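Colleague: My structure is stored as protein_30.txt, with compact mmCIF, C-alpha atoms.
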```
# COMPACT_ATOMS: atom_id res chain seq x y z
CA MET T 1 3.95 74.98 33.11
CA GLN T 2 2.15 74.76 30.23
CA PRO T 3 0.67 77.27 27.83
CA GLY T 4 -2.75 77.70 23.57
CA PRO T 5 -4.76 80.18 19.21
CA GLN T 6 -3.71 83.43 20.73
CA ALA T 7 -4.37 87.05 20.19
CA ARG T 8 -2.01 88.90 17.94
CA SER T 9 0.05 91.01 20.23
CA THR T 10 1.86 94.23 19.61
CA GLY T 11 4.88 95.97 20.99
CA ASN T 12 6.28 94.34 24.11
CA THR T 13 4.22 91.15 23.81
CA ALA T 14 6.73 89.76 21.31
CA GLU T 15 9.50 89.95 23.91
CA PHE T 16 8.33 87.34 26.39
CA PHE T 17 6.86 83.87 26.59
CA ILE T 18 3.55 83.06 28.23
CA GLY T 19 3.96 80.10 30.55
CA ARG T 20 1.40 77.98 32.31
CA GLN T 21 1.83 75.46 35.10
CA SER T 22 -0.81 73.14 36.47
CA ILE T 23 -1.94 73.32 40.10
CA LEU T 24 -3.36 70.09 41.52
CA ASP T 25 -5.40 69.34 44.65
CA ARG T 26 -4.86 66.52 47.16
CA HIS T 27 -6.62 64.06 44.85
CA GLN T 28 -4.20 65.08 42.08
CA ASP T 29 -7.10 66.58 40.13
CA LEU T 30 -6.62 69.84 38.28
CA ALA T 31 -7.43 72.89 40.44
CA GLY T 32 -6.00 75.78 38.43
CA PHE T 33 -3.05 77.17 36.49
CA GLU T 34 -0.34 79.67 37.25
CA LEU T 35 0.11 82.04 34.30
CA LEU T 36 3.65 83.31 33.97
CA PHE T 37 5.21 85.90 31.73
CA ARG T 38 8.97 85.85 31.29
CA SER T 39 11.44 87.46 28.92
CA CYS T 40 12.59 85.32 26.02
CA GLN T 41 15.90 87.17 25.97
CA LYS T 42 18.68 84.97 27.26
CA ASN T 43 19.77 85.44 30.85
CA LEU T 44 16.86 87.75 31.66
CA ALA T 45 14.65 86.11 34.26
CA LYS T 46 12.02 88.83 34.27
CA PHE T 47 10.56 91.35 31.91
CA SER T 48 12.03 94.77 32.60
CA ASP T 49 8.62 96.28 33.33
CA SER T 50 6.32 93.72 34.94
CA VAL T 51 3.32 96.04 34.71
CA ALA T 52 3.83 96.38 30.96
CA ALA T 53 4.34 92.64 30.58
CA SER T 54 1.26 91.62 32.55
CA SER T 55 -0.82 94.37 30.97
CA ALA T 56 0.17 93.20 27.51
CA VAL T 57 -0.78 89.61 28.27
CA ILE T 58 -4.10 90.59 29.83
CA ASN T 59 -5.02 93.03 27.07
CA HIS T 60 -3.77 91.21 24.00
CA ALA T 61 -3.70 87.54 24.93
CA PHE T 62 -6.68 86.99 27.20
CA ASN T 63 -9.20 89.66 26.37
CA GLU T 64 -9.53 88.48 22.79
CA LEU T 65 -10.45 84.93 23.78
CA GLY T 66 -11.78 85.72 27.25
CA PHE T 67 -10.61 84.31 30.56
CA LYS T 68 -13.44 81.77 30.59
CA THR T 69 -12.39 80.38 27.24
CA VAL T 70 -8.73 80.19 28.13
CA LEU T 71 -9.08 78.88 31.69
CA GLY T 72 -12.32 76.90 31.50
CA LYS T 73 -13.69 76.29 34.98
CA TYR T 74 -10.28 76.76 36.59
CA ARG T 75 -8.64 79.75 38.23
CA GLY T 76 -5.55 81.45 36.87
CA PHE T 77 -2.88 82.56 39.34
CA ILE T 78 -1.29 85.82 38.18
CA ASN T 79 1.91 87.28 39.67
CA VAL T 80 1.87 90.94 40.66
CA ASP T 81 4.60 93.17 42.04
CA ASP T 82 4.01 96.31 44.11
CA LYS T 83 3.41 98.44 40.99
CA LEU T 84 0.85 96.13 39.44
CA LEU T 85 -0.81 95.53 42.82
CA MET T 86 -1.66 99.22 42.96
CA ASP T 87 -2.70 99.47 39.32
CA ASP T 88 -6.43 99.96 38.66
CA MET T 89 -6.13 97.53 35.75
CA LEU T 90 -6.07 94.70 38.27
CA GLU T 91 -9.73 95.32 39.10
CA LEU T 92 -10.69 94.64 35.48
CA LEU T 93 -9.78 90.98 35.95
CA PRO T 94 -12.72 88.63 36.63
CA LYS T 95 -12.62 87.95 40.36
CA GLU T 96 -14.17 84.50 39.94
CA GLN T 97 -11.37 83.44 37.57
CA VAL T 98 -8.13 84.76 39.02
CA VAL T 99 -5.96 84.51 42.09
CA ILE T 100 -3.77 87.58 42.65
CA GLU T 101 -0.35 86.32 43.63
CA LEU T 102 1.82 88.76 45.63
CA LEU T 103 5.47 88.40 44.69
CA GLU T 104 7.98 88.03 47.49
CA SER T 105 9.59 91.31 46.43
CA ILE T 106 6.61 93.32 47.70
CA GLU T 107 7.33 95.24 50.88
CA ILE T 108 4.44 94.81 53.28
CA THR T 109 3.55 98.40 54.11
CA ASP T 110 0.32 99.85 55.45
CA THR T 111 -0.56 100.86 51.89
CA VAL T 112 -0.07 97.31 50.63
CA VAL T 113 -2.17 95.89 53.45
CA GLU T 114 -5.00 98.35 52.73
CA ARG T 115 -4.86 97.48 49.03
CA CYS T 116 -5.09 93.76 49.82
CA LYS T 117 -7.99 94.43 52.16
CA HIS T 118 -9.79 96.33 49.40
CA LEU T 119 -9.22 93.62 46.78
CA LYS T 120 -10.42 91.01 49.25
CA SER T 121 -13.59 93.03 49.87
CA LEU T 122 -14.22 93.04 46.11
CA GLY T 123 -14.16 89.25 46.10
CA TYR T 124 -10.65 88.53 44.83
CA MET T 125 -8.57 85.65 46.14
CA LEU T 126 -5.01 86.52 47.15
CA ALA T 127 -1.94 84.32 47.45
CA LEU T 128 1.45 84.96 49.04
CA ASP T 129 4.14 83.74 46.64
CA ASP T 130 7.53 82.11 47.25
CA PHE T 131 7.07 81.94 51.00
CA ASN T 132 10.22 80.68 52.64
CA LYS T 133 10.42 81.35 56.35
CA TYR T 134 7.92 82.75 58.80
CA SER T 135 8.48 86.31 60.01
CA GLU T 136 6.22 88.57 62.05
CA HIS T 137 6.30 91.20 59.30
CA ILE T 138 3.69 89.22 57.33
CA GLU T 139 1.17 89.16 60.21
CA PRO T 140 -0.80 92.20 58.92
CA LEU T 141 -1.81 90.08 55.90
CA ARG T 142 -3.29 87.27 57.99
CA ASP T 143 -6.94 88.14 57.31
CA HIS T 144 -6.47 89.04 53.65
CA ILE T 145 -4.55 86.06 52.24
CA ASP T 146 -6.29 82.90 51.02
CA ILE T 147 -3.29 80.82 49.90
CA ILE T 148 0.33 80.65 50.96
CA LYS T 149 2.71 79.22 48.38
CA ILE T 150 5.78 77.58 49.84
CA ASP T 151 8.71 77.02 47.50
CA LEU T 152 10.27 73.62 48.20
CA LYS T 153 13.56 74.68 46.67
CA LEU T 154 13.83 77.66 49.01
CA SER T 155 12.64 76.13 52.28
CA GLY T 156 13.71 72.53 51.72
CA LEU T 157 11.69 69.53 52.79
CA ASP T 158 13.42 69.41 56.18
CA GLY T 159 12.25 72.91 57.09
CA LEU T 160 8.65 72.58 55.96
CA ALA T 161 7.19 71.29 59.21
CA ASP T 162 8.68 74.16 61.19
CA THR T 163 7.47 76.70 58.63
CA LEU T 164 3.93 75.34 58.74
CA THR T 165 3.86 75.31 62.53
CA HIS T 166 3.90 79.12 62.60
CA LEU T 167 1.05 79.31 60.08
CA ARG T 168 -1.37 76.64 61.32
CA ASN T 169 -3.68 79.22 62.86
CA TRP T 170 -3.91 81.22 59.63
CA PRO T 171 -7.20 80.74 57.73
CA VAL T 172 -5.38 79.76 54.52
CA LYS T 173 -4.62 76.86 52.22
CA PHE T 174 -1.02 75.78 51.73
CA LEU T 175 0.34 75.31 48.22
CA ALA T 176 3.62 73.49 47.64
CA GLU T 177 5.39 74.77 44.53
CA LYS T 178 8.28 73.32 42.54
CA VAL T 179 7.12 69.80 43.37
CA ASP T 180 9.24 67.83 40.94
CA THR T 181 8.81 64.25 42.16
CA ARG T 182 5.98 62.06 43.43
CA GLU T 183 7.98 61.52 46.60
CA GLU T 184 7.96 65.25 47.28
CA ALA T 185 4.22 65.39 46.61
CA LEU T 186 3.56 62.56 49.08
CA GLN T 187 5.70 64.18 51.77
CA CYS T 188 3.84 67.46 51.33
CA MET T 189 0.50 65.65 51.56
CA ASP T 190 1.59 64.11 54.85
CA LEU T 191 2.40 67.61 56.13
CA GLY T 192 -1.10 68.83 55.29
CA PHE T 193 -0.61 70.77 52.06
CA HIS T 194 -3.82 71.37 50.09
CA LEU T 195 -2.44 72.25 46.64
CA PHE T 196 0.57 71.19 44.58
CA GLN T 197 2.36 72.88 41.71
CA GLY T 198 5.16 71.36 39.66
CA TYR T 199 5.99 68.84 36.98
CA HIS T 200 5.80 65.72 39.15
CA PHE T 201 2.58 64.36 37.63
CA ALA T 202 4.03 64.34 34.08
CA LYS T 203 7.20 62.37 34.83
CA PRO T 204 7.09 58.68 33.91
CA ILE T 205 7.66 55.85 36.34
CA ILE T 206 8.68 52.90 34.19
CA ILE T 207 7.77 49.47 35.53
CA THR T 208 10.05 46.80 34.07
CA GLY T 209 8.16 44.00 32.37
CA LYS T 210 4.78 45.68 32.79
CA ARG T 211 1.97 44.46 30.54
CA LEU T 212 -0.91 46.53 29.29
CA SER T 213 -4.34 45.79 30.73
CA HIS T 214 -7.08 44.31 28.55
CA SER T 215 -8.70 47.70 27.96
CA GLU T 216 -5.35 49.36 27.25
CA LEU T 217 -4.52 46.65 24.73
CA SER T 218 -7.93 47.17 23.13
CA LEU T 219 -7.30 50.89 22.78
CA MET T 220 -3.87 50.40 21.26
CA ARG T 221 -5.34 47.84 18.85
CA LEU T 222 -8.08 50.32 17.94
CA LEU T 223 -5.51 53.01 17.26
CA GLY T 224 -3.56 50.63 15.05
CA LEU T 225 -6.72 49.67 13.13
CA VAL T 226 -7.71 53.26 12.47
CA MET T 227 -4.17 54.19 11.44
CA SER T 228 -4.16 51.29 8.96
CA ASP T 229 -7.61 52.23 7.60
CA ALA T 230 -9.31 48.98 8.70
CA GLU T 231 -12.96 48.20 8.00
CA THR T 232 -15.55 49.97 10.19
CA ALA T 233 -17.04 46.64 11.31
CA GLU T 234 -13.65 45.50 12.62
CA ILE T 235 -13.23 48.76 14.57
CA GLU T 236 -16.74 48.47 16.01
CA GLN T 237 -16.10 44.90 17.11
CA VAL T 238 -13.10 45.92 19.24
CA PHE T 239 -15.18 48.62 20.92
CA LYS T 240 -17.92 46.12 21.71
CA GLN T 241 -15.47 43.71 23.33
CA ASN T 242 -14.84 46.25 26.10
CA PRO T 243 -18.07 47.85 27.43
CA GLY T 244 -16.27 50.77 29.07
CA LEU T 245 -14.70 52.02 25.85
CA PRO T 246 -17.89 53.09 24.04
CA PHE T 247 -19.02 55.07 27.11
CA ASN T 248 -15.72 56.93 27.32
CA LEU T 249 -15.60 57.59 23.58
CA LEU T 250 -19.11 59.02 23.59
CA ARG T 251 -18.55 61.28 26.58
CA LEU T 252 -15.31 62.51 25.04
CA THR T 253 -16.66 63.13 21.55
CA ASN T 254 -19.82 64.80 22.87
CA SER T 255 -17.74 67.31 24.83
CA ALA T 256 -17.41 70.87 23.62
CA ALA T 257 -14.00 70.05 22.18
CA SER T 258 -15.36 67.56 19.64
CA GLY T 259 -16.20 70.27 17.14
CA THR T 260 -19.44 68.63 16.07
CA HIS T 261 -22.91 70.02 16.67
CA ARG T 262 -24.63 66.65 16.39
CA LYS T 263 -25.19 64.38 19.36
CA ILE T 264 -23.24 61.15 18.92
CA THR T 265 -25.19 58.16 20.26
CA SER T 266 -23.35 55.04 19.06
CA ILE T 267 -19.95 53.83 17.92
CA SER T 268 -21.06 53.47 14.29
CA ASN T 269 -22.58 56.95 14.59
CA ALA T 270 -19.28 58.29 15.96
CA ILE T 271 -17.29 56.73 13.11
CA THR T 272 -19.67 58.13 10.50
CA ILE T 273 -19.97 61.65 11.92
CA LEU T 274 -16.36 62.12 12.99
CA GLY T 275 -14.65 60.43 10.07
CA ARG T 276 -11.44 58.44 10.35
CA ARG T 277 -9.17 61.45 10.89
CA GLN T 278 -11.11 62.72 13.90
CA LEU T 279 -11.77 59.21 15.20
CA GLN T 280 -8.03 58.58 15.33
CA ARG T 281 -7.59 61.73 17.40
CA TRP T 282 -10.33 60.80 19.85
CA ILE T 283 -8.93 57.31 20.32
CA GLN T 284 -5.56 58.87 21.15
CA LEU T 285 -7.26 61.06 23.75
CA LEU T 286 -9.44 58.18 24.92
CA ILE T 287 -6.35 56.32 26.09
CA TYR T 288 -6.01 59.03 28.77
CA THR T 289 -9.62 58.55 29.95
CA ASN T 290 -9.53 54.77 30.02
CA ASP T 291 -10.71 54.61 33.62
CA SER T 292 -14.34 55.81 33.58
CA LYS T 293 -14.09 56.63 37.29
CA ALA T 294 -11.09 58.89 36.86
CA SER T 295 -11.39 62.66 36.96
CA PHE T 296 -12.39 64.11 33.62
CA PRO T 297 -10.34 65.71 32.39
CA ASP T 298 -7.32 64.75 34.45
CA PRO T 299 -4.11 66.80 34.41
CA LEU T 300 -2.29 64.40 32.11
CA LEU T 301 -5.11 64.53 29.54
CA GLN T 302 -5.08 68.32 29.77
CA LEU T 303 -1.35 68.44 29.16
CA ALA T 304 -1.41 65.87 26.35
CA ALA T 305 -4.36 67.54 24.62
CA THR T 306 -2.73 70.96 24.89
CA ARG T 307 0.55 69.63 23.48
CA GLY T 308 -1.20 67.90 20.59
CA LYS T 309 -3.31 70.88 19.60
CA CYS T 310 -0.45 73.34 20.00
CA MET T 311 1.84 71.25 17.80
CA GLU T 312 -0.90 71.00 15.17
CA LEU T 313 -1.16 74.79 15.13
CA LEU T 314 2.57 75.45 15.10
CA ILE T 315 3.54 72.97 12.39
CA LYS T 316 1.64 75.12 9.88
CA HIS T 317 4.28 77.82 10.34
CA VAL T 318 7.37 75.61 9.95
CA GLY T 319 6.20 72.56 8.00
CA GLY T 320 3.63 73.86 5.54
CA HIS T 321 -0.13 73.36 5.28
CA SER T 322 -0.39 69.59 5.02
CA LYS T 323 -3.26 67.74 6.73
CA GLU T 324 -1.04 64.69 7.06
CA LEU T 325 1.73 66.67 8.75
CA GLU T 326 -0.80 68.34 11.06
CA ASP T 327 -2.08 64.89 12.04
CA HIS T 328 1.48 63.74 12.71
CA ALA T 329 2.14 66.80 14.86
CA PHE T 330 -1.04 66.22 16.87
CA MET T 331 -0.15 62.56 17.37
CA VAL T 332 3.37 63.38 18.56
CA GLY T 333 1.99 65.75 21.18
CA ILE T 334 -0.61 63.25 22.40
CA MET T 335 1.70 60.23 22.38
CA SER T 336 4.56 62.06 24.12
CA LEU T 337 3.08 61.43 27.58
CA MET T 338 2.00 57.82 27.12
CA ASP T 339 5.06 56.50 28.93
CA THR T 340 3.89 58.44 31.99
CA LEU T 341 0.32 57.23 31.55
CA LEU T 342 1.09 53.55 30.96
CA GLY T 343 4.33 53.17 32.93
CA MET T 344 6.18 51.62 29.98
CA PRO T 345 9.03 52.77 27.72
CA LEU T 346 7.63 54.86 24.89
CA ALA T 347 9.41 52.75 22.27
CA GLU T 348 7.52 49.66 23.46
CA ILE T 349 4.20 51.51 23.30
CA ILE T 350 4.55 52.89 19.79
CA SER T 351 6.38 49.98 18.14
CA PRO T 352 3.23 47.86 17.49
CA LEU T 353 1.57 50.89 15.89
CA ASN T 354 4.36 51.16 13.30
CA PRO T 355 4.02 54.96 13.07
CA PRO T 356 5.56 57.02 10.26
CA ALA T 357 9.29 57.68 10.61
CA ASP T 358 8.89 61.38 11.50
CA ILE T 359 6.57 60.51 14.41
CA ARG T 360 8.88 57.80 15.71
CA SER T 361 12.04 59.92 15.53
CA ALA T 362 10.27 62.87 17.19
CA LEU T 363 9.03 60.75 20.09
CA GLU T 364 12.13 58.63 20.61
CA SER T 365 14.95 61.13 20.03
CA ARG T 366 13.30 64.56 19.53
CA ASP T 367 14.66 64.66 15.96
CA GLY T 368 13.23 66.53 12.99
CA VAL T 369 10.93 69.53 13.05
CA LEU T 370 8.30 67.62 15.06
CA GLY T 371 10.92 66.67 17.63
CA LYS T 372 12.10 70.26 17.92
CA LEU T 373 8.54 71.52 18.39
CA LEU T 374 7.93 68.92 21.10
CA SER T 375 11.16 69.92 22.86
CA LEU T 376 10.12 73.59 22.69
CA LEU T 377 6.78 72.87 24.38
CA GLU T 378 8.43 70.68 27.03
CA ARG T 379 10.90 73.46 27.87
CA LEU T 380 8.07 75.98 28.17
CA GLU T 381 6.11 73.62 30.43
CA GLN T 382 9.15 73.23 32.67
CA TYR T 383 9.75 76.97 32.59
CA ASP T 384 13.16 76.67 30.99
CA MET T 385 12.87 79.89 28.98
CA GLU T 386 16.54 80.10 28.01
CA THR T 387 16.54 76.70 26.30
CA ALA T 388 13.14 77.48 24.78
CA SER T 389 14.62 80.63 23.22
CA GLU T 390 17.49 78.62 21.75
CA LEU T 391 15.10 76.04 20.31
CA LEU T 392 12.94 78.77 18.84
CA ASP T 393 15.97 80.18 17.02
CA GLY T 394 16.16 76.91 15.08
CA LEU T 395 12.47 76.94 14.11
CA ALA T 396 12.36 80.06 11.93
CA PRO T 397 10.10 81.67 10.84
CA LEU T 398 8.31 80.72 14.07
CA ASP T 399 8.38 83.54 16.62
CA VAL T 400 7.44 84.11 20.24
CA ASP T 401 4.16 85.81 19.39
CA THR T 402 3.01 82.88 17.25
CA VAL T 403 4.00 80.38 19.94
CA ASN T 404 2.09 82.30 22.61
CA HIS T 405 -0.95 82.55 20.37
CA ALA T 406 -0.90 78.80 19.66
CA GLN T 407 -0.47 77.96 23.34
CA LEU T 408 -3.48 79.99 24.39
CA GLU T 409 -5.66 78.51 21.64
CA ALA T 410 -4.57 74.98 22.53
CA LEU T 411 -5.25 75.65 26.21
CA ALA T 412 -8.72 76.96 25.38
CA TRP T 413 -9.35 73.86 23.25
CA SER T 414 -8.22 71.40 25.93
CA ASN T 415 -10.20 73.28 28.59
CA SER T 416 -13.38 72.76 26.61
CA PHE T 417 -13.53 69.10 27.58
CA GLU T 418 -16.38 68.64 30.05
CA GLN T 419 -17.70 65.65 31.88
CA SER T 420 -21.00 64.45 30.50
CA ALA T 421 -23.79 63.83 32.94
```
Please render this file's structure as structure tokens.
Modeller:
Amino acid sequence: MQPGPQARSTGNTAEFFIGRQSILDRHQDLAGFELLFRSCQKNLAKFSDSVAASSAVINHAFNELGFKTVLGKYRGFINVDDKLLMDDMLELLPKEQVVIELLESIEITDTVVERCKHLKSLGYMLALDDFNKYSEHIEPLRDHIDIIKIDLKLSGLDGLADTLTHLRNWPVKFLAEKVDTREEALQCMDLGFHLFQGYHFAKPIIITGKRLSHSELSLMRLLGLVMSDAETAEIEQVFKQNPGLPFNLLRLTNSAASGTHRKITSISNAITILGRRQLQRWIQLLIYTNDSKASFPDPLLQLAATRGKCMELLIKHVGGHSKELEDHAFMVGIMSLMDTLLGMPLAEIISPLNPPADIRSALESRDGVLGKLLSLLERLEQYDMETASELLDGLAPLDVDTVNHAQLEALAWSNSFEQSA
């Protein structure tokens, strides 16, 4: 899961992390996020009062920025227990932006069924969480549930086919959660799953002896030129040698996330308006959009952009207000997934760029403050809250509230990328 500037929270909000995990469709395009709230206290899997926890997140974290800003065009899946399901606060959530996810702990009573029926009539989508094995006791929910989430770790791959057999006549989509490998994703696709949740898409598959394509080499050369402050004409020339690169740069920099109010129409125009600092950032992001036919943004770009922006925001609290250090933090976040993107060892990718020592040590061994920040974000993405808490202890004066705020802001920033017509 993955989490972005956030609202300043009060009271209980400082006691738990906000987590986010990507949900992909059958084309491996981004379809939504699950938003999770878990205690940062060691050995506590859940906040003691889930209504208070979810209320705090909704009121303090999302209302300030707005669901649309935080989630973009995607839906957010939000866990509810029996108490929160019955709470009127739930109906304040935008029905076009959320999926209400019923925890497995909810006892399916007549009251619960009526409540689900009512929420469905209001236009909300409902999901059944952590489904394991079919039982007749869930039948009353048949007409009120839109998505059934099946936990691979609970049911096991061997039992999936039998589980699905009992549900084939339900008018629902099947979501496989805790999909940790590409092999698991492919098996679930073969079984007819519609949606996939897990960390499989962000894990690298290293191909021994792989060489970068012509366009990938051009992008890495561009990045090296900008980092070494080369002449504008030399940078322009590399762009012109690969016709697809200018198109992708322009659609990326003209997105809402570019931060400029002027329409960029040419490479020289982009260099002039953006400046070298911003141009370097967009080239780093451009590497993730190298294929002009790929989805825009794809899940890996979303994750890389969120990491980069979040690290830029967090370094101010533990490393001081230095533009250079902020740039290094952003680059570490962006570059941290390039082994997954390019299928090569990260050391081989960054070596020709000759990055500063703090960037190299952060990426290769997670050393230094940048390395610790990257490890913290990775643990949050993978929902390892206990390790995240331990890492946070070593990043004082950084606290949970500041991390949550940065994660929500970074998520809002990465969600602002839009495909140009």
Colleague: Neighbours of Gly394 (chain T) within 12 Å (all atoms listed in the file; same-chain residues fewer than 5 positions away dropped), as JSON, numbers by chain?
Modeller: {"T": [318, 368, 369, 371, 372, 373, 375, 376, 387, 388, 389, 399]}
Colleague: Deliver the residues from the most recent selection as a file, using C-alpha atoms, as a PDB file, keeping the file's coordinate frame.
Modeller:
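So the final result, stored in part-v3.pdb, reads:
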```pdb
ATOM      1  CA  VAL T 318       7.370  75.610   9.950  1.00  0.00           C
ATOM      2  CA  GLY T 368      13.230  66.530  12.990  1.00  0.00           C
ATOM      3  CA  VAL T 369      10.930  69.530  13.050  1.00  0.00           C
ATOM      4  CA  GLY T 371      10.920  66.670  17.630  1.00  0.00           C
ATOM      5  CA  LYS T 372      12.100  70.260  17.920  1.00  0.00           C
ATOM      6  CA  LEU T 373       8.540  71.520  18.390  1.00  0.00           C
ATOM      7  CA  SER T 375      11.160  69.920  22.860  1.00  0.00           C
ATOM      8  CA  LEU T 376      10.120  73.590  22.690  1.00  0.00           C
ATOM      9  CA  THR T 387      16.540  76.700  26.300  1.00  0.00           C
ATOM     10  CA  ALA T 388      13.140  77.480  24.780  1.00  0.00           C
ATOM     11  CA  SER T 389      14.620  80.630  23.220  1.00  0.00           C
ATOM     12  CA  ASP T 399       8.380  83.540  16.620  1.00  0.00           C
TER      13      ASP T 399
END
```
Colleague: Looking at T:Leu300, T:Leu391, T:Ile350, T:Ala202, which one is nearest to Thr181 (chain T), with distances taken over only C-alpha atoms?
Modeller: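 Ranked by minimum distance to Thr181 (chain T), first place goes to T:Ala202.
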Colleague: Write out, as JSON lines, each residue of region 235-319 of chain T that has an atom at most 8 Å from region 226-229 of chain T, together with the closest pair of atoms and their distance in Å to one decimal, counting all atoms listed in the file, rows going by chain and rising number.
Modeller:
```
{"residue": "T:Ile235", "atom": "CA", "partner": "T:Val226", "partner_atom": "CA", "distance": 7.4}
{"residue": "T:Arg276", "atom": "CA", "partner": "T:Val226", "partner_atom": "CA", "distance": 6.7}
{"residue": "T:Leu279", "atom": "CA", "partner": "T:Val226", "partner_atom": "CA", "distance": 7.7}
{"residue": "T:Gln280", "atom": "CA", "partner": "T:Val226", "partner_atom": "CA", "distance": 6.0}
```
Colleague: Could you tell me which of T:Asn269, T:Asn79, T:Thr253, T:Thr306 comes closest to Leu102 (chain T) if we count all atoms listed in the file?
Modeller: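 Nearest to Leu102 (chain T): T:Asn79.
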Colleague: For the atom pair CA of Tyr74 (chain T) and CA of Ile264 (chain T), what is the interatomic distance in Å to one decimal place?
Modeller: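 Result for CA of Tyr74 (chain T) versus CA of Ile264 (chain T): 26.9 Å, one decimal.
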Colleague: Which neighbours of region 85-94 of chain T fall inside 10 Å, counting all atoms listed in the file, when residues of the same chain fewer than 3 positions from it are skipped, and could you give them as a ChimeraX atom specification?
Modeller: /T:51,54-55,58-59,63,66-68,75,79-82,97-103,106,111-112,115-116,119,122-124
Colleague: How would the residues just chosen look if you wrote them out with C-alpha atoms as a PDB file, in the coordinates of the input?
Modeller:
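result.pdb was written with the following content:
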```pdb
ATOM      1  CA  VAL T  51       3.320  96.040  34.710  1.00  0.00           C
ATOM      2  CA  SER T  54       1.260  91.620  32.550  1.00  0.00           C
ATOM      3  CA  SER T  55      -0.820  94.370  30.970  1.00  0.00           C
ATOM      4  CA  ILE T  58      -4.100  90.590  29.830  1.00  0.00           C
ATOM      5  CA  ASN T  59      -5.020  93.030  27.070  1.00  0.00           C
ATOM      6  CA  ASN T  63      -9.200  89.660  26.370  1.00  0.00           C
ATOM      7  CA  GLY T  66     -11.780  85.720  27.250  1.00  0.00           C
ATOM      8  CA  PHE T  67     -10.610  84.310  30.560  1.00  0.00           C
ATOM      9  CA  LYS T  68     -13.440  81.770  30.590  1.00  0.00           C
ATOM     10  CA  ARG T  75      -8.640  79.750  38.230  1.00  0.00           C
ATOM     11  CA  ASN T  79       1.910  87.280  39.670  1.00  0.00           C
ATOM     12  CA  VAL T  80       1.870  90.940  40.660  1.00  0.00           C
ATOM     13  CA  ASP T  81       4.600  93.170  42.040  1.00  0.00           C
ATOM     14  CA  ASP T  82       4.010  96.310  44.110  1.00  0.00           C
ATOM     15  CA  GLN T  97     -11.370  83.440  37.570  1.00  0.00           C
ATOM     16  CA  VAL T  98      -8.130  84.760  39.020  1.00  0.00           C
ATOM     17  CA  VAL T  99      -5.960  84.510  42.090  1.00  0.00           C
ATOM     18  CA  ILE T 100      -3.770  87.580  42.650  1.00  0.00           C
ATOM     19  CA  GLU T 101      -0.350  86.320  43.630  1.00  0.00           C
ATOM     20  CA  LEU T 102       1.820  88.760  45.630  1.00  0.00           C
ATOM     21  CA  LEU T 103       5.470  88.400  44.690  1.00  0.00           C
ATOM     22  CA  ILE T 106       6.610  93.320  47.700  1.00  0.00           C
ATOM     23  CA  THR T 111      -0.560 100.860  51.890  1.00  0.00           C
ATOM     24  CA  VAL T 112      -0.070  97.310  50.630  1.00  0.00           C
ATOM     25  CA  ARG T 115      -4.860  97.480  49.030  1.00  0.00           C
ATOM     26  CA  CYS T 116      -5.090  93.760  49.820  1.00  0.00           C
ATOM     27  CA  LEU T 119      -9.220  93.620  46.780  1.00  0.00           C
ATOM     28  CA  LEU T 122     -14.220  93.040  46.110  1.00  0.00           C
ATOM     29  CA  GLY T 123     -14.160  89.250  46.100  1.00  0.00           C
ATOM     30  CA  TYR T 124     -10.650  88.530  44.830  1.00  0.00           C
TER      31      TYR T 124
END
```
Colleague: Interatomic distance between CA of Leu128 (chain T) and CA of Asp384 (chain T)?
Modeller: 23.1 Å
Colleague: With N, CA and C atoms as the target, complete region 271-279 of chain T and hand it back as a compact mmCIF listing (two decimals), keeping the file's coordinate frame.
Modeller:
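Final output, saved to out08.txt:
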```
# COMPACT_ATOMS: atom_id res chain seq x y z
N ILE T 271 -18.19 56.95 14.24
CA ILE T 271 -17.29 56.73 13.11
C ILE T 271 -17.78 57.49 11.88
N THR T 272 -19.09 57.46 11.67
CA THR T 272 -19.67 58.13 10.50
C THR T 272 -19.55 59.64 10.60
N ILE T 273 -19.94 60.19 11.76
CA ILE T 273 -19.97 61.65 11.92
C ILE T 273 -18.56 62.23 12.01
N LEU T 274 -17.69 61.57 12.77
CA LEU T 274 -16.36 62.12 12.99
C LEU T 274 -15.45 61.91 11.78
N GLY T 275 -15.60 60.76 11.12
CA GLY T 275 -14.65 60.43 10.07
C GLY T 275 -13.40 59.82 10.67
N ARG T 276 -12.60 59.17 9.83
CA ARG T 276 -11.44 58.44 10.35
C ARG T 276 -10.39 59.37 10.97
N ARG T 277 -10.19 60.54 10.39
CA ARG T 277 -9.17 61.45 10.89
C ARG T 277 -9.48 61.88 12.32
N GLN T 278 -10.72 62.31 12.55
CA GLN T 278 -11.11 62.72 13.90
C GLN T 278 -11.18 61.54 14.84
N LEU T 279 -11.67 60.40 14.35
CA LEU T 279 -11.77 59.21 15.20
C LEU T 279 -10.40 58.83 15.74
```
